[in-house]
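Pasted below: structure38.pdb, PDB, C-alpha atoms.
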```pdb
ATOM      1  CA  MET J   1     -26.889 -19.342   9.731  1.00  0.00           C
ATOM      2  CA  ALA J   2     -27.779 -15.690   9.175  1.00  0.00           C
ATOM      3  CA  VAL J   3     -27.161 -14.203   5.737  1.00  0.00           C
ATOM      4  CA  GLU J   4     -25.114 -11.310   7.182  1.00  0.00           C
ATOM      5  CA  ASN J   5     -22.754 -13.813   8.810  1.00  0.00           C
ATOM      6  CA  ILE J   6     -22.240 -15.582   5.493  1.00  0.00           C
ATOM      7  CA  VAL J   7     -21.569 -12.247   3.756  1.00  0.00           C
ATOM      8  CA  ALA J   8     -19.152 -11.182   6.501  1.00  0.00           C
ATOM      9  CA  GLY J   9     -17.323 -14.519   6.389  1.00  0.00           C
ATOM     10  CA  LEU J  10     -16.993 -14.507   2.603  1.00  0.00           C
ATOM     11  CA  ALA J  11     -15.926 -10.858   2.550  1.00  0.00           C
ATOM     12  CA  ARG J  12     -13.240 -11.456   5.190  1.00  0.00           C
ATOM     13  CA  TRP J  13     -11.945 -14.543   3.380  1.00  0.00           C
ATOM     14  CA  LEU J  14     -11.816 -12.788  -0.006  1.00  0.00           C
ATOM     15  CA  HIS J  15     -10.373  -9.597   1.546  1.00  0.00           C
ATOM     16  CA  PHE J  16      -7.479 -11.701   2.847  1.00  0.00           C
ATOM     17  CA  PHE J  17      -7.151 -13.625  -0.431  1.00  0.00           C
ATOM     18  CA  PHE J  18      -6.915 -10.535  -2.631  1.00  0.00           C
ATOM     19  CA  GLY J  19      -4.949  -8.633   0.012  1.00  0.00           C
ATOM     20  CA  VAL J  20      -2.261 -11.319   0.116  1.00  0.00           C
ATOM     21  CA  MET J  21      -2.098 -11.243  -3.689  1.00  0.00           C
ATOM     22  CA  TRP J  22      -1.857  -7.419  -3.788  1.00  0.00           C
ATOM     23  CA  ILE J  23       0.667  -6.886  -1.007  1.00  0.00           C
ATOM     24  CA  GLY J  24       2.534 -10.068  -1.957  1.00  0.00           C
ATOM     25  CA  LEU J  25       3.093  -8.713  -5.457  1.00  0.00           C
ATOM     26  CA  LEU J  26       3.991  -5.283  -4.016  1.00  0.00           C
ATOM     27  CA  TYR J  27       6.672  -6.942  -1.876  1.00  0.00           C
ATOM     28  CA  TYR J  28       7.814  -9.031  -4.859  1.00  0.00           C
ATOM     29  CA  PHE J  29       8.310  -5.806  -6.865  1.00  0.00           C
ATOM     30  CA  ASN J  30      10.153  -4.034  -4.061  1.00  0.00           C
ATOM     31  CA  PHE J  31      12.077  -6.786  -2.307  1.00  0.00           C
ATOM     32  CA  VAL J  32      12.907  -8.952  -5.355  1.00  0.00           C
ATOM     33  CA  GLN J  33      12.328  -7.401  -8.758  1.00  0.00           C
ATOM     34  CA  VAL J  34      14.005  -3.979  -8.344  1.00  0.00           C
ATOM     35  CA  ALA J  35      17.354  -5.530  -7.422  1.00  0.00           C
ATOM     36  CA  SER J  36      16.945  -8.355  -9.947  1.00  0.00           C
ATOM     37  CA  LEU J  37      16.188  -5.943 -12.793  1.00  0.00           C
ATOM     38  CA  LYS J  38      19.305  -3.938 -12.004  1.00  0.00           C
ATOM     39  CA  GLU J  39      21.427  -7.087 -12.375  1.00  0.00           C
ATOM     40  CA  ALA J  40      19.469  -8.290 -15.414  1.00  0.00           C
ATOM     41  CA  ASN J  41      19.946  -4.899 -17.121  1.00  0.00           C
ATOM     42  CA  ALA J  42      23.677  -5.227 -16.557  1.00  0.00           C
ATOM     43  CA  ASP J  43      23.914  -8.567 -18.415  1.00  0.00           C
ATOM     44  CA  GLY J  44      21.231  -7.753 -21.009  1.00  0.00           C
ATOM     45  CA  THR J  45      18.593 -10.255 -19.840  1.00  0.00           C
ATOM     46  CA  ALA J  46      16.068  -7.769 -18.415  1.00  0.00           C
ATOM     47  CA  ALA J  47      13.629  -8.268 -21.300  1.00  0.00           C
ATOM     48  CA  GLY J  48      12.620 -11.628 -19.873  1.00  0.00           C
ATOM     49  CA  ILE J  49      11.283  -9.846 -16.808  1.00  0.00           C
ATOM     50  CA  THR J  50       9.919  -6.652 -18.374  1.00  0.00           C
ATOM     51  CA  LYS J  51       8.287  -8.402 -21.332  1.00  0.00           C
ATOM     52  CA  TYR J  52       6.843 -11.544 -19.743  1.00  0.00           C
ATOM     53  CA  VAL J  53       6.756 -11.219 -15.948  1.00  0.00           C
ATOM     54  CA  LEU J  54       6.026  -7.535 -15.284  1.00  0.00           C
ATOM     55  CA  PRO J  55       2.855  -7.031 -17.418  1.00  0.00           C
ATOM     56  CA  ARG J  56       1.203 -10.135 -15.955  1.00  0.00           C
ATOM     57  CA  ALA J  57       2.288  -9.283 -12.402  1.00  0.00           C
ATOM     58  CA  LEU J  58       0.974  -5.717 -12.807  1.00  0.00           C
ATOM     59  CA  TRP J  59      -2.411  -6.999 -14.020  1.00  0.00           C
ATOM     60  CA  TYR J  60      -2.898  -9.186 -10.933  1.00  0.00           C
ATOM     61  CA  PHE J  61      -1.421  -6.408  -8.770  1.00  0.00           C
ATOM     62  CA  ARG J  62      -3.803  -3.618  -9.773  1.00  0.00           C
ATOM     63  CA  TRP J  63      -6.957  -5.768  -9.922  1.00  0.00           C
ATOM     64  CA  ALA J  64      -6.148  -7.497  -6.635  1.00  0.00           C
ATOM     65  CA  ALA J  65      -5.933  -3.974  -5.167  1.00  0.00           C
ATOM     66  CA  VAL J  66      -9.453  -3.168  -6.368  1.00  0.00           C
ATOM     67  CA  TRP J  67     -10.972  -6.408  -5.085  1.00  0.00           C
ATOM     68  CA  THR J  68      -9.150  -6.125  -1.760  1.00  0.00           C
ATOM     69  CA  TRP J  69     -10.690  -2.691  -1.251  1.00  0.00           C
ATOM     70  CA  LEU J  70     -14.178  -3.793  -2.312  1.00  0.00           C
ATOM     71  CA  MET J  71     -14.162  -6.837  -0.039  1.00  0.00           C
ATOM     72  CA  GLY J  72     -12.797  -4.675   2.781  1.00  0.00           C
ATOM     73  CA  ALA J  73     -15.600  -2.153   2.259  1.00  0.00           C
ATOM     74  CA  ILE J  74     -18.223  -4.935   2.488  1.00  0.00           C
ATOM     75  CA  LEU J  75     -16.493  -6.332   5.552  1.00  0.00           C
ATOM     76  CA  LEU J  76     -16.515  -2.919   7.257  1.00  0.00           C
ATOM     77  CA  GLY J  77     -20.226  -2.660   6.558  1.00  0.00           C
ATOM     78  CA  THR J  78     -20.845  -5.939   8.372  1.00  0.00           C
ATOM     79  CA  LEU J  79     -18.851  -4.929  11.467  1.00  0.00           C
ATOM     80  CA  SER J  80     -21.694  -2.852  12.842  1.00  0.00           C
ATOM     81  CA  PRO J  81     -25.188  -4.370  13.291  1.00  0.00           C
ATOM     82  CA  ASP J  82     -26.805  -1.350  11.592  1.00  0.00           C
ATOM     83  CA  GLY J  83     -24.359  -1.512   8.659  1.00  0.00           C
ATOM     84  CA  SER J  84     -22.664   1.773   9.516  1.00  0.00           C
ATOM     85  CA  GLY J  85     -19.215   0.263  10.124  1.00  0.00           C
ATOM     86  CA  PHE J  86     -17.857   1.642   6.835  1.00  0.00           C
ATOM     87  CA  VAL J  87     -18.753   5.245   7.694  1.00  0.00           C
ATOM     88  CA  LYS J  88     -17.682   4.854  11.328  1.00  0.00           C
ATOM     89  CA  ALA J  89     -14.279   3.480  10.290  1.00  0.00           C
ATOM     90  CA  PHE J  90     -13.595   6.186   7.718  1.00  0.00           C
ATOM     91  CA  THR J  91     -14.618   8.881  10.211  1.00  0.00           C
ATOM     92  CA  PHE J  92     -12.505   7.304  12.995  1.00  0.00           C
ATOM     93  CA  GLN J  93     -15.388   6.723  15.377  1.00  0.00           C
ATOM     94  CA  ALA J  94     -14.568   4.486  18.351  1.00  0.00           C
ATOM     95  CA  PRO J  95     -14.107   1.537  18.399  1.00  0.00           C
ATOM     96  CA  TYR J  96     -13.280   1.739  14.694  1.00  0.00           C
ATOM     97  CA  THR J  97     -10.326   4.147  14.971  1.00  0.00           C
ATOM     98  CA  GLY J  98      -7.649   1.526  14.414  1.00  0.00           C
ATOM     99  CA  ILE J  99      -9.320  -0.222  11.504  1.00  0.00           C
ATOM    100  CA  GLY J 100     -10.245   3.224  10.137  1.00  0.00           C
ATOM    101  CA  ILE J 101      -6.581   4.216   9.877  1.00  0.00           C
ATOM    102  CA  GLY J 102      -5.882   0.892   8.164  1.00  0.00           C
ATOM    103  CA  ALA J 103      -8.787   1.488   5.769  1.00  0.00           C
ATOM    104  CA  TRP J 104      -7.610   5.006   4.902  1.00  0.00           C
ATOM    105  CA  LEU J 105      -4.039   3.818   4.313  1.00  0.00           C
ATOM    106  CA  GLY J 106      -5.362   1.003   2.083  1.00  0.00           C
ATOM    107  CA  THR J 107      -7.477   3.502   0.163  1.00  0.00           C
ATOM    108  CA  ILE J 108      -4.510   5.829  -0.395  1.00  0.00           C
ATOM    109  CA  MET J 109      -2.492   2.813  -1.575  1.00  0.00           C
ATOM    110  CA  LEU J 110      -5.247   1.800  -4.021  1.00  0.00           C
ATOM    111  CA  ILE J 111      -5.341   5.307  -5.506  1.00  0.00           C
ATOM    112  CA  ASN J 112      -1.546   5.235  -5.691  1.00  0.00           C
ATOM    113  CA  VAL J 113      -1.657   1.939  -7.640  1.00  0.00           C
ATOM    114  CA  TRP J 114      -4.071   3.200 -10.286  1.00  0.00           C
ATOM    115  CA  THR J 115      -2.696   6.705 -10.684  1.00  0.00           C
ATOM    116  CA  PHE J 116       1.044   6.968 -10.064  1.00  0.00           C
ATOM    117  CA  ILE J 117       2.170   3.334 -10.435  1.00  0.00           C
ATOM    118  CA  TRP J 118       0.024   2.034 -13.293  1.00  0.00           C
ATOM    119  CA  GLN J 119      -0.133   5.253 -15.344  1.00  0.00           C
ATOM    120  CA  ASN J 120       3.671   5.538 -15.273  1.00  0.00           C
ATOM    121  CA  GLN J 121       4.291   1.827 -15.796  1.00  0.00           C
ATOM    122  CA  LYS J 122       2.212   2.070 -18.988  1.00  0.00           C
ATOM    123  CA  LYS J 123       4.788   4.526 -20.329  1.00  0.00           C
ATOM    124  CA  VAL J 124       7.700   2.330 -19.206  1.00  0.00           C
ATOM    125  CA  LEU J 125       6.178  -0.767 -20.829  1.00  0.00           C
ATOM    126  CA  GLY J 126       5.339   1.076 -24.043  1.00  0.00           C
ATOM    127  CA  ILE J 127       1.560   0.742 -23.684  1.00  0.00           C
ATOM    128  CA  THR J 128       1.369   4.547 -23.690  1.00  0.00           C
ATOM    129  CA  PRO J 129       3.698   6.247 -26.213  1.00  0.00           C
ATOM    130  CA  ALA J 130       6.573   8.089 -24.515  1.00  0.00           C
ATOM    131  CA  THR J 131      10.037   9.406 -25.321  1.00  0.00           C
ATOM    132  CA  ASP J 132      13.096   7.956 -23.589  1.00  0.00           C
ATOM    133  CA  GLU J 133      13.203  10.995 -21.307  1.00  0.00           C
ATOM    134  CA  GLU J 134       9.528  10.571 -20.418  1.00  0.00           C
ATOM    135  CA  LYS J 135      10.108   6.864 -19.801  1.00  0.00           C
ATOM    136  CA  ASN J 136      12.971   7.574 -17.423  1.00  0.00           C
ATOM    137  CA  LYS J 137      10.868  10.095 -15.521  1.00  0.00           C
ATOM    138  CA  ALA J 138       7.922   7.668 -15.442  1.00  0.00           C
ATOM    139  CA  ARG J 139      10.193   4.868 -14.183  1.00  0.00           C
ATOM    140  CA  ARG J 140      11.359   7.052 -11.298  1.00  0.00           C
ATOM    141  CA  ILE J 141       7.825   8.148 -10.346  1.00  0.00           C
ATOM    142  CA  ALA J 142       6.514   4.562 -10.514  1.00  0.00           C
ATOM    143  CA  PHE J 143       9.431   3.399  -8.372  1.00  0.00           C
ATOM    144  CA  LEU J 144       8.865   6.056  -5.703  1.00  0.00           C
ATOM    145  CA  ALA J 145       5.103   5.425  -5.707  1.00  0.00           C
ATOM    146  CA  SER J 146       5.716   1.702  -5.282  1.00  0.00           C
ATOM    147  CA  ARG J 147       8.171   2.360  -2.437  1.00  0.00           C
ATOM    148  CA  THR J 148       5.635   4.713  -0.841  1.00  0.00           C
ATOM    149  CA  ASN J 149       3.071   1.914  -0.899  1.00  0.00           C
ATOM    150  CA  THR J 150       5.606  -0.468   0.663  1.00  0.00           C
ATOM    151  CA  LEU J 151       6.170   2.126   3.389  1.00  0.00           C
ATOM    152  CA  LEU J 152       2.427   2.648   3.933  1.00  0.00           C
ATOM    153  CA  SER J 153       1.771  -1.106   3.968  1.00  0.00           C
ATOM    154  CA  ILE J 154       3.631  -1.380   7.283  1.00  0.00           C
ATOM    155  CA  PRO J 155       1.266   0.847   9.344  1.00  0.00           C
ATOM    156  CA  MET J 156      -1.657  -0.357   7.185  1.00  0.00           C
ATOM    157  CA  LEU J 157      -1.096  -3.998   8.167  1.00  0.00           C
ATOM    158  CA  PHE J 158      -0.540  -3.034  11.803  1.00  0.00           C
ATOM    159  CA  PHE J 159      -3.828  -1.141  12.072  1.00  0.00           C
ATOM    160  CA  MET J 160      -5.747  -3.678   9.980  1.00  0.00           C
ATOM    161  CA  ALA J 161      -4.558  -6.516  12.191  1.00  0.00           C
ATOM    162  CA  ALA J 162      -4.421  -4.720  15.514  1.00  0.00           C
ATOM    163  CA  GLY J 163      -7.721  -2.864  15.252  1.00  0.00           C
ATOM    164  CA  PHE J 164      -9.808  -5.621  16.755  1.00  0.00           C
ATOM    165  CA  SER J 165      -7.988  -8.908  17.162  1.00  0.00           C
ATOM    166  CA  HIS J 166      -5.099  -7.566  19.258  1.00  0.00           C
ATOM    167  CA  LYS J 167      -7.125  -5.269  21.471  1.00  0.00           C
ATOM    168  CA  GLY J 168      -5.589  -6.729  24.617  1.00  0.00           C
ATOM    169  CA  MET J 169      -2.064  -6.097  23.354  1.00  0.00           C
ATOM    170  CA  PHE J 170      -2.360  -2.680  21.732  1.00  0.00           C
ATOM    171  CA  GLY J 171      -5.642  -1.423  23.163  1.00  0.00           C
ATOM    172  CA  LEU J 172      -6.880  -0.045  19.864  1.00  0.00           C
TER     173      LEU J 172
ATOM    174  CA  MET M   1      17.916  19.493  -7.732  1.00  0.00           C
ATOM    175  CA  HIS M   2      17.533  23.210  -7.063  1.00  0.00           C
ATOM    176  CA  TRP M   3      16.817  22.528  -3.429  1.00  0.00           C
ATOM    177  CA  ARG M   4      19.974  20.487  -3.094  1.00  0.00           C
ATOM    178  CA  GLN M   5      22.060  23.169  -4.736  1.00  0.00           C
ATOM    179  CA  SER M   6      20.631  26.003  -2.695  1.00  0.00           C
ATOM    180  CA  SER M   7      20.809  24.139   0.600  1.00  0.00           C
ATOM    181  CA  GLY M   8      24.281  22.829  -0.065  1.00  0.00           C
ATOM    182  CA  ARG M   9      23.325  19.443   1.372  1.00  0.00           C
ATOM    183  CA  ASN M  10      24.390  17.124  -1.401  1.00  0.00           C
ATOM    184  CA  ASP M  11      24.576  14.138   0.948  1.00  0.00           C
ATOM    185  CA  VAL M  12      20.804  14.079   1.585  1.00  0.00           C
ATOM    186  CA  LYS M  13      19.313  10.871   0.206  1.00  0.00           C
ATOM    187  CA  ASN M  14      15.729   9.818  -0.304  1.00  0.00           C
ATOM    188  CA  PRO M  15      15.016   7.035   2.225  1.00  0.00           C
ATOM    189  CA  LEU M  16      12.690   5.414  -0.326  1.00  0.00           C
ATOM    190  CA  ASP M  17      15.710   4.598  -2.506  1.00  0.00           C
ATOM    191  CA  SER M  18      16.701   1.821  -0.109  1.00  0.00           C
ATOM    192  CA  LEU M  19      14.604  -0.969   1.356  1.00  0.00           C
ATOM    193  CA  GLU M  20      16.086  -0.333   4.787  1.00  0.00           C
ATOM    194  CA  GLY M  21      15.043   3.331   4.649  1.00  0.00           C
ATOM    195  CA  THR M  22      11.563   2.427   3.435  1.00  0.00           C
ATOM    196  CA  VAL M  23      10.963  -0.146   6.163  1.00  0.00           C
ATOM    197  CA  THR M  24      12.426   2.126   8.864  1.00  0.00           C
ATOM    198  CA  CYS M  25      10.145   5.000   7.805  1.00  0.00           C
ATOM    199  CA  GLY M  26       7.183   2.598   7.752  1.00  0.00           C
ATOM    200  CA  ILE M  27       7.875   1.472  11.324  1.00  0.00           C
ATOM    201  CA  LEU M  28       8.344   5.080  12.491  1.00  0.00           C
ATOM    202  CA  ILE M  29       5.036   6.144  10.910  1.00  0.00           C
ATOM    203  CA  THR M  30       3.340   3.150  12.572  1.00  0.00           C
ATOM    204  CA  ILE M  31       4.635   4.236  15.990  1.00  0.00           C
ATOM    205  CA  VAL M  32       3.674   7.894  15.419  1.00  0.00           C
ATOM    206  CA  LEU M  33       0.151   6.977  14.280  1.00  0.00           C
ATOM    207  CA  TYR M  34      -0.252   4.611  17.229  1.00  0.00           C
ATOM    208  CA  ILE M  35       0.763   7.342  19.690  1.00  0.00           C
ATOM    209  CA  ILE M  36      -1.636   9.812  18.027  1.00  0.00           C
ATOM    210  CA  VAL M  37      -4.513   7.310  18.252  1.00  0.00           C
ATOM    211  CA  LYS M  38      -3.809   6.602  21.910  1.00  0.00           C
ATOM    212  CA  MET M  39      -3.526  10.322  22.733  1.00  0.00           C
ATOM    213  CA  THR M  40      -6.744  11.092  20.862  1.00  0.00           C
ATOM    214  CA  GLU M  41      -8.572   8.326  22.727  1.00  0.00           C
ATOM    215  CA  GLY M  42      -7.373   9.862  25.969  1.00  0.00           C
ATOM    216  CA  VAL M  43      -8.778  13.249  24.973  1.00  0.00           C
ATOM    217  CA  ALA M  44     -12.068  11.725  23.817  1.00  0.00           C
ATOM    218  CA  SER M  45     -12.592   9.803  27.068  1.00  0.00           C
TER     219      SER M  45
END
```
Show me this structure written as structure tokens.
Amino acid sequence: MAVENIVAGLARWLHFFFGVMWIGLLYYFNFVQVASLKEANADGTAAGITKYVLPRALWYFRWAAVWTWLMGAILLGTLSPDGSGFVKAFTFQAPYTGIGIGAWLGTIMLINVWTFIWQNQKKVLGITPATDEEKNKARRIAFLASRTNTLLSIPMLFFMAAGFSHKGMFGL
Amino acid sequence: MHWRQSSGRNDVKNPLDSLEGTVTCGILITIVLYIIVKMTEGVAS
């Protein structure tokens, strides 16, 4: 078995593994935790989530995002025999247009995680000192950034999945 | 806030505030991007 096939296989496997962890936690935050926190705040039990669940979930969330991107970058490199798949995808060269859009959306989402979401969550969690007003503003920005990533994940997953394997169906 | 006051449209809501709005916008962006890709391919070929 050729080394490049082993690298491609491992990169694809790990890209999926970390990607499921990243987007799974993103969906947990947006589909489960936001509504749960609202109810928990109402009956005074929110600390259980914000103190014990959220910091751990955010750690896996932001590092899974990094490893998903890295494994995806390696995988893109293996798509083309001369190793130029990464550049071709990010410059939308055929037949990498579809996967290129997915890669760009994933990259924007990664930047979003480490800048808007994590930097503001640090204020909310008290890791970075902030006044109550700053915390409220940070909470709103982190929420909107997280919702933006949920929004972007929909076309991202479509173009990631449809770029090559569903060529017959979508023609990308 | 200023925009809302000046425009007088106080009923305008951010679609990201609801899951339904977020998912709907995500699907719409998917369709728009797909159409753009297909149109661009047509121009290129």
Looking at all atoms listed in the file, which of J:Phe116, J:Ile108, J:Trp69, J:Thr97 is the one that sits closest to chain M?
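Closest residue, counting all atoms listed in the file: J:Thr97.
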Between CA of Val7 (chain J) and CA of Asp82 (chain J), what is the distance in Å, rounded to a tenth?
14.4 Å
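Closest approach to chain M among J:Phe86, J:Tyr60, J:Phe31, J:Tyr52 is made by J:Phe31 (distances from all atoms listed in the file).
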I need the residue nearest Val124 (chain J) from this list: J:Ala142, J:Met109, J:Leu152, J:Ile49. Use all atoms listed in the file for the distance.
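Of all the options, J:Ala142 lies closest to Val124 (chain J).
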Could you list, as a list of chain:residue names, the residues of chain J having an atom within 7 Å of chain M when counting all atoms listed in the file?
J:Leu144, J:Arg147, J:Leu151, J:Leu152, J:Ile154, J:Pro155
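Close contacts of Ile6 (chain J), defined as residues with an atom at most 12 Å away when counting all atoms listed in the file, with chain neighbours fewer than 5 positions off set aside, comprise Met1, Ala11, Arg12, Trp13, Ile74, Leu75 and Thr78 of chain J.
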Show me, as JSON, numbers by chain, the residues that have an atom within 9 Å of Asn112 (chain J) when counting only C-alpha atoms, minus same-chain residues fewer than 6 positions from it.
{"J": [118, 145, 146, 148, 149]}
Just-selected residues, C-alpha atoms written as a PDB file, in the coordinates of the input:
```pdb
ATOM      1  CA  TRP J 118       0.024   2.034 -13.293  1.00  0.00           C
ATOM      2  CA  ALA J 145       5.103   5.425  -5.707  1.00  0.00           C
ATOM      3  CA  SER J 146       5.716   1.702  -5.282  1.00  0.00           C
ATOM      4  CA  THR J 148       5.635   4.713  -0.841  1.00  0.00           C
ATOM      5  CA  ASN J 149       3.071   1.914  -0.899  1.00  0.00           C
TER       6      ASN J 149
END
```
Shell of 12 Å around Leu79 (chain J), all atoms listed in the file, local chain residues under 3 positions omitted, as an NGL selection string
:J and (4-5 or 7-9 or 11-12 or 72-76 or 82-89 or 95-96 or 99-100 or 163-164)
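CA of Ala35 (chain J) sits 18.1 Å away from CA of Ala138 (chain J).
Residues having any atom no farther than 10 Å from (-7.1, -8.4, 4.2) (counting only C-alpha atoms) are Ala11, Arg12, Trp13, Leu14, His15, Phe16, Phe17, Phe18, Gly19, Val20, Met21, Trp22, Ile23, Thr68, Trp69, Met71, Gly72, Leu75, Gly106, Leu157, Met160 and Ala161 of chain J.
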What gap, in Å, lies between CA of Met156 (chain J) and CA of Leu105 (chain J)?
5.6 Å
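When all atoms listed in the file are used to measure the gap to Gly126 (chain J), the shortest distance among J:Asp43, J:Thr50, J:Pro81, J:Val3 belongs to J:Thr50.
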Can you put N, CA and C atoms back into region 96-120 of chain J and show it as a short mmCIF file (atom, residue, chain, number, x, y, z; two decimals), in the coordinates of the input?
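Saved file out-v9.cif follows:
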```
data_model
loop_
_atom_site.label_atom_id
_atom_site.label_comp_id
_atom_site.auth_asym_id
_atom_site.auth_seq_id
_atom_site.Cartn_x
_atom_site.Cartn_y
_atom_site.Cartn_z
N TYR J 96 -13.76 2.02 16.05
CA TYR J 96 -13.28 1.74 14.69
C TYR J 96 -12.07 2.59 14.30
N THR J 97 -11.45 3.25 15.28
CA THR J 97 -10.33 4.15 14.97
C THR J 97 -9.17 3.40 14.31
N GLY J 98 -8.78 2.28 14.93
CA GLY J 98 -7.65 1.53 14.41
C GLY J 98 -7.89 1.01 13.00
N ILE J 99 -9.01 0.33 12.82
CA ILE J 99 -9.32 -0.22 11.50
C ILE J 99 -9.56 0.92 10.51
N GLY J 100 -10.03 2.06 11.01
CA GLY J 100 -10.24 3.22 10.14
C GLY J 100 -8.94 3.75 9.56
N ILE J 101 -7.90 3.79 10.39
CA ILE J 101 -6.58 4.22 9.88
C ILE J 101 -6.10 3.22 8.83
N GLY J 102 -6.26 1.92 9.13
CA GLY J 102 -5.88 0.89 8.16
C GLY J 102 -6.65 1.05 6.86
N ALA J 103 -7.95 1.34 6.96
CA ALA J 103 -8.79 1.49 5.77
C ALA J 103 -8.37 2.71 4.95
N TRP J 104 -8.05 3.81 5.62
CA TRP J 104 -7.61 5.01 4.90
C TRP J 104 -6.27 4.77 4.21
N LEU J 105 -5.35 4.10 4.92
CA LEU J 105 -4.04 3.82 4.31
C LEU J 105 -4.21 2.91 3.09
N GLY J 106 -5.09 1.89 3.21
CA GLY J 106 -5.36 1.00 2.08
C GLY J 106 -5.98 1.75 0.91
N THR J 107 -6.84 2.71 1.22
CA THR J 107 -7.48 3.50 0.16
C THR J 107 -6.45 4.38 -0.56
N ILE J 108 -5.58 5.01 0.21
CA ILE J 108 -4.51 5.83 -0.40
C ILE J 108 -3.63 4.95 -1.28
N MET J 109 -3.33 3.74 -0.80
CA MET J 109 -2.49 2.81 -1.58
C MET J 109 -3.18 2.40 -2.88
N LEU J 110 -4.50 2.18 -2.80
CA LEU J 110 -5.25 1.80 -4.02
C LEU J 110 -5.19 2.93 -5.06
N ILE J 111 -5.40 4.15 -4.59
CA ILE J 111 -5.34 5.31 -5.51
C ILE J 111 -3.94 5.42 -6.10
N ASN J 112 -2.94 5.20 -5.26
CA ASN J 112 -1.55 5.24 -5.69
C ASN J 112 -1.28 4.21 -6.80
N VAL J 113 -1.84 3.01 -6.64
CA VAL J 113 -1.66 1.94 -7.64
C VAL J 113 -2.18 2.38 -9.01
N TRP J 114 -3.41 2.92 -9.00
CA TRP J 114 -4.07 3.20 -10.29
C TRP J 114 -3.66 4.53 -10.91
N THR J 115 -3.13 5.43 -10.11
CA THR J 115 -2.70 6.70 -10.68
C THR J 115 -1.19 6.70 -10.93
N PHE J 116 -0.40 6.81 -9.89
CA PHE J 116 1.04 6.97 -10.06
C PHE J 116 1.74 5.72 -10.59
N ILE J 117 1.43 4.54 -10.03
CA ILE J 117 2.17 3.33 -10.44
C ILE J 117 1.76 2.88 -11.83
N TRP J 118 0.48 2.61 -12.03
CA TRP J 118 0.02 2.03 -13.29
C TRP J 118 0.17 3.02 -14.46
N GLN J 119 -0.21 4.27 -14.26
CA GLN J 119 -0.13 5.25 -15.34
C GLN J 119 1.31 5.43 -15.82
N ASN J 120 2.27 5.38 -14.89
CA ASN J 120 3.67 5.54 -15.27
C ASN J 120 4.26 4.24 -15.81
#
```
